[in-house]
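Asks: I am attaching a structure below and will ask some questions about it afterwards.
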Amino acid sequence: MTLTEGAAERERFAERPSSRYGPRRAHARRSKRRRRLRRAVLVVLVVPVLVAGGTYGWAESRLRRDVDLGAYGHRPPPGAGTNYLIVGSDSRDGLSEGDVEDLHAGGGGGRRTDSMMLVHTGAHGATMVSLPRDSYVTLPGRLDTLTGKTKRPERDKLNAAFSYGGPELLAHTVERNTGLRIDHYAEIGFAGFVNIVDAIGGVRMCLDRDIVDEKSGADLRKGCHTLDGRQALAFVRQRHQEREGDLGRSKNQQKFLSTLAHQAARPDTLFDPLRAGPAAQAGLDTLIVDEDMDLRDLGTMFRAVRGVAGGQGKQINVPVSGIGVPTSKGNVLTWDARRSARLFDDLRHDRPVTERGETTRRR
């Protein structure tokens, strides 16, 4: 009997209902696969991190728990369910000068973010809400680190909070303007994003038009493509080709994040050590989380994002009433006060979300 014939014979034996051992062993194998899947932890937010079996302790030790969500005090009371703030920053940690040039990641001082998403999990599933960086919000009073003086609350773009005070001020600003308590925070920089996408073999995206943007480096053609890390970063950063500007970019980021979460969770990625291992290290090396975050929290967050990608959740933008509204801080997006308040109230009380996130255009 040849090796091929032998394998076929063993497979037929395993499928026989009368076999004393075949079904039991097959069931055991299926149960073992399910247990492995439950143990696997991926984070996306572009932040997918795989941690399975014996790598758990190693991964726990590499988490950078740098963010103190209570640094500014005066936080909203805990609500029902759990709220995660997922941020993509322009951190260049891990990039060489050549990488910075190739990724169009240079220019500008300070620390910025192009991507902010609020993910809520609770009794009614997951809801992912994009918070455009140009949202016109109230920044809380704070100590100005440049002057040493206390600044009064002021209106500015949401992205400015990250630039002025990093993750702590950003989380505090989101809490103040939504009334939601941020339970966990996850941030990944340029290098981590690129490396994760490359580690899982790229992300398949279908575009309805050509996208060419000099500032982000995007040069993509209409149709379906597997984007590598550099192309993916350019795609989620570009906004000048979007009719709705920053709001359009937020929609692209939601679409990409969901696709990435769905693809990273495929069995052939989860259990392929040549792909899962590099993805885990790529994510953990540049991932920044809050002080109370652990791998179980990351796993819950990932499953929420993956669920939204699979249609088991809601994916919306914060309701916007104005796009490109001129202010002393530049052109901004204004939230629809009534509808956004209703959305955040539903999330705070873990009620089913009825808001669709459609935009009332006003300039």
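How things are named: the first chain in the structure tokens is A, the next is B, and so on; residues count from 1 in each chain; ligands count from 1 in the order shown.
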I'd like the contact shell of Lys329 of chain A - 10 Å cut-off, only C-alpha atoms, skipping same-chain residues fewer than 3 positions apart - returned as a PyMOL selection string.

Replies: chain A and resi 134+136+155-157+160+326+332

Asks: Near His124 of chain A, counting only C-alpha atoms, which residues have an atom at most 8 Å away, once you skip same-chain residues fewer than 2 positions from it, shown as a PyMOL selection string?

Replies: chain A and resi 121-122+126+350-352

Asks: Limited to C-alpha atoms, could you put the picked residues into a file as a PDB file, in the first residue's frame?

Replies:
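again_1.pdb, freshly written:
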ATOM      1  CA  THR A 121     -19.227  45.680  23.807  1.00  0.00           C
ATOM      2  CA  GLY A 122     -22.226  44.621  25.831  1.00  0.00           C
ATOM      3  CA  ALA A 126     -20.517  45.269  19.522  1.00  0.00           C
ATOM      4  CA  ASP A 350     -25.924  49.412  26.877  1.00  0.00           C
ATOM      5  CA  ARG A 351     -29.150  49.770  24.935  1.00  0.00           C
ATOM      6  CA  PRO A 352     -29.604  48.686  21.291  1.00  0.00           C
TER       7      PRO A 352
END

Asks: If DSSP is run on the backbone, what residues of segment 178-213 of chain A are alpha helix (DSSP H)? A reply as an NGL selection string would be ideal.

Replies: :A and (178 or 190-199)

Asks: For N, CA and C atoms, I'd like the residues from the last selection saved as a PDB file, in the first residue's frame.

Replies:
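The resulting file, out_30.pdb, is reproduced below:
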ATOM      1  N   THR A 178     -18.324  62.714  25.204  1.00  0.00           N
ATOM      2  CA  THR A 178     -19.291  61.640  24.947  1.00  0.00           C
ATOM      3  C   THR A 178     -20.050  61.233  26.205  1.00  0.00           C
ATOM      4  N   PHE A 190       3.024  53.675  13.210  1.00  0.00           N
ATOM      5  CA  PHE A 190       3.215  53.351  11.798  1.00  0.00           C
ATOM      6  C   PHE A 190       3.921  52.011  11.598  1.00  0.00           C
ATOM      7  N   ALA A 191       5.025  51.820  12.308  1.00  0.00           N
ATOM      8  CA  ALA A 191       5.831  50.618  12.084  1.00  0.00           C
ATOM      9  C   ALA A 191       5.049  49.361  12.422  1.00  0.00           C
ATOM     10  N   GLY A 192       4.350  49.390  13.557  1.00  0.00           N
ATOM     11  CA  GLY A 192       3.570  48.226  13.941  1.00  0.00           C
ATOM     12  C   GLY A 192       2.476  47.918  12.943  1.00  0.00           C
ATOM     13  N   PHE A 193       1.817  48.944  12.449  1.00  0.00           N
ATOM     14  CA  PHE A 193       0.746  48.758  11.473  1.00  0.00           C
ATOM     15  C   PHE A 193       1.282  48.075  10.216  1.00  0.00           C
ATOM     16  N   VAL A 194       2.359  48.625   9.678  1.00  0.00           N
ATOM     17  CA  VAL A 194       2.940  48.073   8.446  1.00  0.00           C
ATOM     18  C   VAL A 194       3.390  46.630   8.658  1.00  0.00           C
ATOM     19  N   ASN A 195       4.070  46.371   9.763  1.00  0.00           N
ATOM     20  CA  ASN A 195       4.601  45.035  10.013  1.00  0.00           C
ATOM     21  C   ASN A 195       3.503  43.999  10.210  1.00  0.00           C
ATOM     22  N   ILE A 196       2.404  44.393  10.867  1.00  0.00           N
ATOM     23  CA  ILE A 196       1.296  43.461  11.074  1.00  0.00           C
ATOM     24  C   ILE A 196       0.666  43.072   9.744  1.00  0.00           C
ATOM     25  N   VAL A 197       0.397  44.067   8.909  1.00  0.00           N
ATOM     26  CA  VAL A 197      -0.209  43.776   7.609  1.00  0.00           C
ATOM     27  C   VAL A 197       0.693  42.862   6.790  1.00  0.00           C
ATOM     28  N   ASP A 198       1.982  43.153   6.776  1.00  0.00           N
ATOM     29  CA  ASP A 198       2.913  42.314   6.026  1.00  0.00           C
ATOM     30  C   ASP A 198       3.005  40.914   6.626  1.00  0.00           C
ATOM     31  N   ALA A 199       2.933  40.823   7.968  1.00  0.00           N
ATOM     32  CA  ALA A 199       3.093  39.530   8.634  1.00  0.00           C
ATOM     33  C   ALA A 199       1.961  38.568   8.312  1.00  0.00           C
TER      34      ALA A 199
END

Asks: Would you pick out the contacts of segment 77-85 of chain A at 9 Å or less, using only C-alpha atoms, so that residues sharing its chain but fewer than 3 positions from it are not included, and give the list as JSON, numbers by chain?

Replies: {"A": [116, 117, 118, 119, 120, 121, 122, 123, 171, 174, 179, 180, 181, 182, 183, 184, 185, 186, 187, 301, 347, 348, 349, 350, 351]}

Asks: Those residues with N, CA, C and O atoms, as an mmCIF file, in the first residue's frame please?

Replies:
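File written: selection.cif
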data_model
loop_
_atom_site.group_PDB
_atom_site.id
_atom_site.type_symbol
_atom_site.label_atom_id
_atom_site.label_comp_id
_atom_site.auth_asym_id
_atom_site.auth_seq_id
_atom_site.Cartn_x
_atom_site.Cartn_y
_atom_site.Cartn_z
ATOM 1 N N MET A 116 -9.112 57.232 15.173
ATOM 2 C CA MET A 116 -9.659 57.034 16.514
ATOM 3 C C MET A 116 -11.002 56.336 16.407
ATOM 4 O O MET A 116 -11.894 56.819 15.700
ATOM 5 N N MET A 117 -11.128 55.214 17.068
ATOM 6 C CA MET A 117 -12.364 54.459 17.032
ATOM 7 C C MET A 117 -12.771 54.039 18.432
ATOM 8 O O MET A 117 -11.943 53.597 19.222
ATOM 9 N N LEU A 118 -14.050 54.176 18.693
ATOM 10 C CA LEU A 118 -14.618 53.767 19.964
ATOM 11 C C LEU A 118 -15.365 52.457 19.738
ATOM 12 O O LEU A 118 -16.248 52.376 18.879
ATOM 13 N N VAL A 119 -14.984 51.429 20.463
ATOM 14 C CA VAL A 119 -15.642 50.121 20.347
ATOM 15 C C VAL A 119 -16.348 49.816 21.660
ATOM 16 O O VAL A 119 -15.717 49.807 22.725
ATOM 17 N N HIS A 120 -17.652 49.596 21.579
ATOM 18 C CA HIS A 120 -18.451 49.255 22.762
ATOM 19 C C HIS A 120 -18.903 47.805 22.665
ATOM 20 O O HIS A 120 -19.391 47.363 21.625
ATOM 21 N N THR A 121 -18.730 47.047 23.738
ATOM 22 C CA THR A 121 -19.227 45.680 23.807
ATOM 23 C C THR A 121 -20.186 45.559 24.978
ATOM 24 O O THR A 121 -19.985 46.174 26.031
ATOM 25 N N GLY A 122 -21.242 44.784 24.777
ATOM 26 C CA GLY A 122 -22.226 44.621 25.831
ATOM 27 C C GLY A 122 -23.246 43.565 25.500
ATOM 28 O O GLY A 122 -23.015 42.683 24.660
ATOM 29 N N ALA A 123 -24.406 43.681 26.119
ATOM 30 C CA ALA A 123 -25.441 42.658 25.987
ATOM 31 C C ALA A 123 -26.013 42.574 24.582
ATOM 32 O O ALA A 123 -26.583 41.542 24.196
ATOM 33 N N ALA A 171 -8.029 60.475 25.829
ATOM 34 C CA ALA A 171 -9.081 59.678 26.470
ATOM 35 C C ALA A 171 -9.979 60.562 27.330
ATOM 36 O O ALA A 171 -11.217 60.413 27.334
ATOM 37 N N VAL A 174 -12.302 62.517 25.046
ATOM 38 C CA VAL A 174 -13.391 61.672 24.538
ATOM 39 C C VAL A 174 -14.427 61.452 25.639
ATOM 40 O O VAL A 174 -15.642 61.522 25.392
ATOM 41 N N GLY A 179 -19.490 61.528 27.373
ATOM 42 C CA GLY A 179 -20.101 61.070 28.607
ATOM 43 C C GLY A 179 -19.835 59.607 28.897
ATOM 44 O O GLY A 179 -20.341 59.055 29.876
ATOM 45 N N LEU A 180 -19.033 58.965 28.060
ATOM 46 C CA LEU A 180 -18.714 57.553 28.231
ATOM 47 C C LEU A 180 -17.407 57.397 28.988
ATOM 48 O O LEU A 180 -16.456 58.149 28.763
ATOM 49 N N ARG A 181 -17.335 56.416 29.848
ATOM 50 C CA ARG A 181 -16.080 56.107 30.523
ATOM 51 C C ARG A 181 -15.271 55.158 29.643
ATOM 52 O O ARG A 181 -15.760 54.096 29.238
ATOM 53 N N ILE A 182 -14.043 55.546 29.318
ATOM 54 C CA ILE A 182 -13.165 54.700 28.521
ATOM 55 C C ILE A 182 -12.534 53.664 29.452
ATOM 56 O O ILE A 182 -11.772 54.008 30.356
ATOM 57 N N ASP A 183 -12.864 52.403 29.227
ATOM 58 C CA ASP A 183 -12.364 51.338 30.095
ATOM 59 C C ASP A 183 -10.973 50.871 29.694
ATOM 60 O O ASP A 183 -10.167 50.502 30.559
ATOM 61 N N HIS A 184 -10.695 50.877 28.385
ATOM 62 C CA HIS A 184 -9.387 50.405 27.913
ATOM 63 C C HIS A 184 -8.945 51.197 26.681
ATOM 64 O O HIS A 184 -9.772 51.695 25.913
ATOM 65 N N TYR A 185 -7.633 51.271 26.516
ATOM 66 C CA TYR A 185 -7.016 52.050 25.440
ATOM 67 C C TYR A 185 -5.971 51.178 24.732
ATOM 68 O O TYR A 185 -5.198 50.462 25.385
ATOM 69 N N ALA A 186 -5.947 51.236 23.405
ATOM 70 C CA ALA A 186 -4.927 50.523 22.620
ATOM 71 C C ALA A 186 -4.471 51.420 21.476
ATOM 72 O O ALA A 186 -5.287 51.987 20.754
ATOM 73 N N GLU A 187 -3.153 51.547 21.319
ATOM 74 C CA GLU A 187 -2.571 52.422 20.288
ATOM 75 C C GLU A 187 -1.440 51.700 19.572
ATOM 76 O O GLU A 187 -0.651 50.987 20.193
ATOM 77 N N MET A 301 -11.568 42.682 22.808
ATOM 78 C CA MET A 301 -11.629 43.788 21.868
ATOM 79 C C MET A 301 -11.521 43.297 20.433
ATOM 80 O O MET A 301 -12.277 43.730 19.550
ATOM 81 N N LEU A 347 -25.171 53.886 24.281
ATOM 82 C CA LEU A 347 -23.971 53.103 24.605
ATOM 83 C C LEU A 347 -23.722 53.088 26.111
ATOM 84 O O LEU A 347 -23.368 52.039 26.677
ATOM 85 N N ARG A 348 -23.915 54.204 26.760
ATOM 86 C CA ARG A 348 -23.656 54.292 28.195
ATOM 87 C C ARG A 348 -24.565 53.344 28.982
ATOM 88 O O ARG A 348 -24.140 52.728 29.962
ATOM 89 N N HIS A 349 -25.805 53.201 28.522
ATOM 90 C CA HIS A 349 -26.750 52.327 29.197
ATOM 91 C C HIS A 349 -26.853 50.950 28.534
ATOM 92 O O HIS A 349 -27.709 50.149 28.908
ATOM 93 N N ASP A 350 -25.970 50.702 27.568
ATOM 94 C CA ASP A 350 -25.924 49.412 26.877
ATOM 95 C C ASP A 350 -27.273 49.036 26.287
ATOM 96 O O ASP A 350 -27.727 47.897 26.389
ATOM 97 N N ARG A 351 -27.895 50.023 25.642
ATOM 98 C CA ARG A 351 -29.150 49.770 24.935
ATOM 99 C C ARG A 351 -28.858 49.502 23.461
ATOM 100 O O ARG A 351 -27.805 49.887 22.950
#

Asks: Could you pull out the strand (DSSP E) residues of segment 129-265 of chain A, going by DSSP on the backbone, and write them as a VMD selection string?

Replies: chain A and resid 129 to 130 136 to 139 142 to 143 150 to 151 154 to 157 184 to 188 203 to 207 211 to 213 218 to 220 223 to 227

Asks: Enter the distance from atom CA of Leu146 of chain A to atom CA of Ile86 of chain A, in Å, rounded to one decimal.

Replies: 27.1 Å

Asks: Which residues, written as a list in words, have at least one atom at most 8 Å from Glu355 of chain A, with only C-alpha atoms counted and residues fewer than 6 positions away on the same chain left out?

Replies: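 Everything that qualifies: Arg339, Arg342 and Leu343 of chain A.
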
Asks: Just the selected residues (N, CA, C and O atoms), exported as a PDB file, in the first residue's frame, please.

Replies:
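The resulting again_10.pdb:
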ATOM      1  N   ARG A 339     -28.372  64.001  17.965  1.00  0.00           N
ATOM      2  CA  ARG A 339     -28.215  62.595  17.576  1.00  0.00           C
ATOM      3  C   ARG A 339     -26.990  61.951  18.226  1.00  0.00           C
ATOM      4  O   ARG A 339     -27.021  60.781  18.618  1.00  0.00           O
ATOM      5  N   ARG A 342     -27.816  61.108  21.795  1.00  0.00           N
ATOM      6  CA  ARG A 342     -28.652  59.899  21.876  1.00  0.00           C
ATOM      7  C   ARG A 342     -27.810  58.648  21.667  1.00  0.00           C
ATOM      8  O   ARG A 342     -27.987  57.646  22.367  1.00  0.00           O
ATOM      9  N   LEU A 343     -26.880  58.695  20.711  1.00  0.00           N
ATOM     10  CA  LEU A 343     -25.993  57.554  20.462  1.00  0.00           C
ATOM     11  C   LEU A 343     -25.179  57.215  21.705  1.00  0.00           C
ATOM     12  O   LEU A 343     -25.136  56.052  22.141  1.00  0.00           O
TER      13      LEU A 343
END

Asks: Could you tell me how far atom CA of Thr147 of chain A lies from atom CA of Arg133 of chain A, in Å and to one decimal?

Replies: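 Separation between atom CA of Thr147 of chain A and atom CA of Arg133 of chain A: 25.1 Å.
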